[in-house]
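Structure, as structure tokens:
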Amino acid sequence: MAATSLAEPQQLSAASTGVARPADRAELVAEILDLKRRLNAVILAHNYQVPEIQDLADFVGDSLGLSQQAARTQADVIVFCGVRFMAETAKILNPDKLVILPDMEAGCSLEESCPADQLAALQKTNPNFYTIAYINCSAAVKALSDVICTSGNAEKIVRAAPADRDLLFVPDENLGQWIMEITGRPMTLWQGHCYAHVEFRRESLLRLKAQHPHARVVVHPESLREVRNLADVICSTEKMIQWCKTSPDKEFIIVTESGILHRLRKECPDKTFYCAPTFDVNRMPGDACRCSECKYMKLNTLEKLRDCMRRLHPRIELPRDLLERARKPIERMLEITART
Ligand code: 13P
Ligand code: SF4
């Protein structure tokens with residue numbers, strides 16, 4: 001089949017205007033891989049994506065790894081299987097490439113918690129603020145920030161911040177608290193939370209730990225302090241995988257979104273992983289455990305992935321000047337991260 005030109009997205013779109021016919025998984029995967037080749041596309045997937053998307057992606061990783069991959073890709077089309085702010089980051093780093101995602105509704109509660117106009121108003125109260133924005137925020141918030149960080153490099157970014165500035169950390173209060181604890185650097189914290197991670201609670205984690213006394217507790221820093229205090233290690237999703245791989249221990253309780261269990265079990269087949277429960281401590285014994293799922297991450301499916309590649313839509317489109325302003329703090333993050 002002839003190579004598909006990016007100038008002719010309608011040609012692909014015409015083939016898919018109807019409702020997708022039921023196709024089995026193997027057919028879907030084959031079509032996605034064929035589209036990928038024809039479009040010269042790269043498929044980037046976050047560690048929380050459903051297993052069938054992780055299994056066909058070119059790269060699966062955390063927010064930091066995904067932005068590093070986006071910064072260096074030679075592909076013409078970036079297909080981003082994650083949430084919208086991640087796809088926006090890829091677009092900001094590649095303003096001339098086409099960036100598509102399976103579902104434009106894939107938002108993030110942290111992004112929602114920090115509207116750009118409210119941040120701008122707070123920044124006006126102190127001209128000495130140096131704004132560090134967790135990557136889980138809109139392009140407009142990135143454009144107002146001095147530097148971006150992820151859970152994988154937040155400590156390094158904060159330690160590199162100018163000593164004579166007052167640090168303002170947005171939008172995740174829990175990540176900000178944890179970084180303050182380990183660096184000793186005071187920061188003004190925005191009061192945003194990840195709706196999924198704050199469901200993990202000390203009591204339910206203690207109950208699971210009592211059932212598995214040899215299990216090590218691995219916690220994402222978006223979790224509450226009461227949960228972080230029970231951790232053997234606190235880290236980003238990618239570091240969780242590296243930590244469990246190299247640990248001599250055999251059992252782990254994983255306190256983050258359950259999508260990561262797929263990679264953990266695949267890459268550490270001789271180890272056992274328990275998904276931390278998020279059920280309310282007041283529920284009756286025997287009530288079903290709701291292992292934590294991010295409703296936004298789980299919007300993406302194989303069918304939607306195939307459809308977005310057929311239609312080259314939904315796509316990330318941002319004003320040129322916003323792309324330029326948002327790029328500087330991301331590039332600063334990548335430069336600081338690369339320092340030894
Ligand atoms: P990581 O960068 O650790 O993968 O985290 C992203 C995220 O959204 C966590 O909820
Ligand atoms: Fe946002 Fe939380 Fe979902 Fe991560 S898990 S994308 S922080 S809502």
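Chain lettering (A, B, ...) mirrors the order of the structure tokens, residue numbering begins at 1 for each chain separately, and ligand numbering begins at 1 in order of display.
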Extract the full set of helix (DSSP H, G or I) residues from region 9-126 of chain A according to DSSP on the backbone, and format it as number ranges by chain. A: 9-14, 25-39, 51-56, 63-72, 84-93, 109-112, 116-124
Quick one: which chain A residues come within 10 Å of ligand 2, and what is the nearest atom pair for each with the distance in Å to one decimal, counting only C-alpha atoms and all ligand atoms, rows ordered by chain and ascending number, as CSV?
```
residue,atom,partner,partner_atom_place_in_ligand_line,distance
A:His46,CA,ligand 2,6 (S),9.5
A:Tyr48,CA,ligand 2,5 (S),7.9
A:Ser63,CA,ligand 2,4 (Fe),9.5
A:Gly82,CA,ligand 2,6 (S),7.8
A:Val83,CA,ligand 2,6 (S),6.1
A:Arg84,CA,ligand 2,6 (S),8.7
A:Phe85,CA,ligand 2,6 (S),8.5
A:Met86,CA,ligand 2,6 (S),8.8
A:Ala106,CA,ligand 2,6 (S),8.2
A:Gly107,CA,ligand 2,6 (S),6.9
A:Cys108,CA,ligand 2,1 (Fe),3.7
A:Ser109,CA,ligand 2,8 (S),4.6
A:Leu110,CA,ligand 2,1 (Fe),5.6
A:Glu111,CA,ligand 2,1 (Fe),7.2
A:Glu112,CA,ligand 2,1 (Fe),9.1
A:Tyr134,CA,ligand 2,7 (S),9.8
A:Ile135,CA,ligand 2,7 (S),9.5
A:Asn136,CA,ligand 2,7 (S),6.4
A:Cys137,CA,ligand 2,1 (Fe),9.0
A:Asp172,CA,ligand 2,7 (S),8.4
A:Gly192,CA,ligand 2,7 (S),9.8
A:His193,CA,ligand 2,7 (S),7.6
A:Cys194,CA,ligand 2,2 (Fe),4.1
A:Tyr195,CA,ligand 2,8 (S),5.7
A:Ala196,CA,ligand 2,2 (Fe),5.3
A:His197,CA,ligand 2,2 (Fe),6.3
A:Val198,CA,ligand 2,2 (Fe),8.9
A:His220,CA,ligand 2,5 (S),10.0
A:Glu222,CA,ligand 2,7 (S),7.3
A:Ser223,CA,ligand 2,2 (Fe),9.8
A:Thr256,CA,ligand 2,5 (S),7.8
A:Glu257,CA,ligand 2,5 (S),6.2
A:Ser258,CA,ligand 2,5 (S),9.7
A:Gly259,CA,ligand 2,5 (S),10.0
A:Ser292,CA,ligand 2,5 (S),8.8
A:Glu293,CA,ligand 2,5 (S),7.4
A:Cys294,CA,ligand 2,3 (Fe),4.6
A:Lys295,CA,ligand 2,3 (Fe),6.8
A:Tyr296,CA,ligand 2,3 (Fe),5.8
A:Met297,CA,ligand 2,3 (Fe),6.0
A:Lys298,CA,ligand 2,3 (Fe),8.9
```
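Using only C-alpha atoms and all ligand atoms, the smallest distance between any of A:Ala75, A:Leu299, A:Ala154, A:Leu230 and ligand 1 comes from A:Ala154.
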(Q) When you look at Leu119 (chain A) with a cut-off of 9 Å (counting only C-alpha atoms), what residues show up, excluding the ones that are within fewer than 5 positions of it in the same chain? I need them as an NGL selection string. (A) :A and (114 or 124 or 141 or 144 or 170 or 190)
Q | Selection as a PyMOL selection string: residues within 6 Å of ligand 1 by only C-alpha atoms and all ligand atoms | A | chain A and resi 62-64+150-151+236-237
Could you save those same residues with N, CA, C and O atoms as a PDB file, in the first residue's frame?
```pdb
ATOM      1  N   ASP A  62       6.667   6.981  32.246  1.00  0.00           N
ATOM      2  CA  ASP A  62       6.066   8.007  33.099  1.00  0.00           C
ATOM      3  C   ASP A  62       6.070   9.341  32.345  1.00  0.00           C
ATOM      4  O   ASP A  62       6.532   9.434  31.196  1.00  0.00           O
ATOM      5  N   SER A  63       5.587  10.380  33.004  1.00  0.00           N
ATOM      6  CA  SER A  63       5.467  11.677  32.328  1.00  0.00           C
ATOM      7  C   SER A  63       6.823  12.183  31.854  1.00  0.00           C
ATOM      8  O   SER A  63       6.926  12.789  30.785  1.00  0.00           O
ATOM      9  N   LEU A  64       7.852  11.947  32.656  1.00  0.00           N
ATOM     10  CA  LEU A  64       9.179  12.429  32.275  1.00  0.00           C
ATOM     11  C   LEU A  64       9.691  11.682  31.049  1.00  0.00           C
ATOM     12  O   LEU A  64      10.107  12.288  30.052  1.00  0.00           O
ATOM     13  N   THR A 150       8.232  16.861  36.923  1.00  0.00           N
ATOM     14  CA  THR A 150       7.377  15.675  36.995  1.00  0.00           C
ATOM     15  C   THR A 150       7.666  15.030  38.349  1.00  0.00           C
ATOM     16  O   THR A 150       8.575  15.466  39.078  1.00  0.00           O
ATOM     17  N   SER A 151       6.949  13.949  38.642  1.00  0.00           N
ATOM     18  CA  SER A 151       7.249  13.275  39.913  1.00  0.00           C
ATOM     19  C   SER A 151       8.633  12.634  39.858  1.00  0.00           C
ATOM     20  O   SER A 151       9.246  12.373  40.883  1.00  0.00           O
ATOM     21  N   SER A 236       8.105   8.104  41.259  1.00  0.00           N
ATOM     22  CA  SER A 236       7.282   8.161  40.042  1.00  0.00           C
ATOM     23  C   SER A 236       6.978   6.736  39.571  1.00  0.00           C
ATOM     24  O   SER A 236       7.597   5.767  40.026  1.00  0.00           O
ATOM     25  N   THR A 237       6.065   6.623  38.625  1.00  0.00           N
ATOM     26  CA  THR A 237       5.684   5.284  38.169  1.00  0.00           C
ATOM     27  C   THR A 237       6.872   4.547  37.523  1.00  0.00           C
ATOM     28  O   THR A 237       7.031   3.344  37.710  1.00  0.00           O
TER      29      THR A 237
END
```
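CA of Glu173 (chain A) sits 21.0 Å away from CA of Leu205 (chain A).
Residues lying within 7 Å of Asn300 (chain A), counting only C-alpha atoms and ignoring same-chain neighbours fewer than 3 positions away, are A:Cys81, A:Pro102, A:Asp103, A:Met297, A:Lys304, A:Leu305.
Minimum atom-to-atom distances from A:Arg228, A:Leu168, A:Thr73, A:Asn47 to Ala133 (chain A) were compared using only C-alpha atoms, and the lowest value belongs to A:Leu168.
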Computed gap from CA of Gln49 (chain A) to CA of Arg315 (chain A) is 18.8 Å
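Among the candidates A:Thr89, A:Asn126, A:Thr131, A:Gln68, the one nearest to Ala338 (chain A) when counting only C-alpha atoms is A:Gln68.
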Margin query: Going by DSSP on the backbone, which residues of region 186-304 of chain A come out as strand (DSSP E)? List them as a PyMOL selection string.
Written below: chain A and resi 187-189+216-219+233-234+251-255+272-275
Nearest candidate to Ser204 (chain A) (options A:Pro186, A:Met180, A:Gln242, A:Val255; using only C-alpha atoms):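 Once distances to Ser204 (chain A) are computed over only C-alpha atoms, the minimum belongs to A:Val255.
Within the 12 Å cut-off around Leu334 (chain A), using only C-alpha atoms and omitting residues fewer than 6 positions from it on the same chain, the listed residues are A:Ser63, A:Leu64, A:Gly65, A:Leu66, A:Ser67, A:Gln68, A:Gln69, A:Ala70, A:Ala71, A:Arg72, A:Leu93, A:Ile135, A:Val147, A:Ile148, A:Cys149, A:Thr150, A:Gly152, A:Asn153, A:Ala154, A:Lys156, A:Ile157, A:Arg327, A:Lys328.
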Here CA of Pro51 (chain A) and CA of Leu224 (chain A) stand apart by 27.1 Å
Test item: residues at most 10 Å from Arg216 (chain A), only C-alpha atoms, excluding those fewer than 2 positions along its chain, as a list of chain:residue names: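 In the requested form, the answer reads A:Lys209, A:His212, A:Pro213, A:His214, A:Val218, A:Val219, A:Leu230, A:Ala231, A:Asp232, A:Val233, A:Cys244, A:Ser247, A:Asp249, A:Lys250, A:Glu251, A:Phe252, A:Ile253, A:Ile254, A:Phe273.
When only C-alpha atoms are used to compute distances to Gln177 (chain A), the closest of the residues A:Cys275, A:Pro162, A:Pro221, A:Thr301 turns out to be A:Pro221.
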For Phe59 (chain A), please output as a compact mmCIF listing (two decimals) with all heavy atoms, in the first residue's frame all residues within 7 Å (counting only C-alpha atoms; exclusion window: fewer than 4 positions along the same chain).
```
# COMPACT_ATOMS: atom_id res chain seq x y z
N ILE A 43 3.79 5.69 18.72
CA ILE A 43 2.74 5.57 19.74
C ILE A 43 3.40 5.61 21.11
O ILE A 43 4.21 4.75 21.45
CB ILE A 43 1.93 4.26 19.56
CG1 ILE A 43 1.28 4.22 18.17
CG2 ILE A 43 0.86 4.14 20.67
CD1 ILE A 43 0.48 2.95 17.87
N LEU A 44 3.06 6.66 21.86
CA LEU A 44 3.59 6.83 23.22
C LEU A 44 2.46 6.54 24.20
O LEU A 44 1.34 7.03 24.03
CB LEU A 44 4.10 8.26 23.42
CG LEU A 44 5.15 8.77 22.42
CD1 LEU A 44 5.56 10.21 22.75
CD2 LEU A 44 6.38 7.87 22.40
N ALA A 45 2.75 5.75 25.22
CA ALA A 45 1.68 5.37 26.17
C ALA A 45 2.16 5.53 27.61
O ALA A 45 3.31 5.19 27.95
CB ALA A 45 1.25 3.93 25.93
```
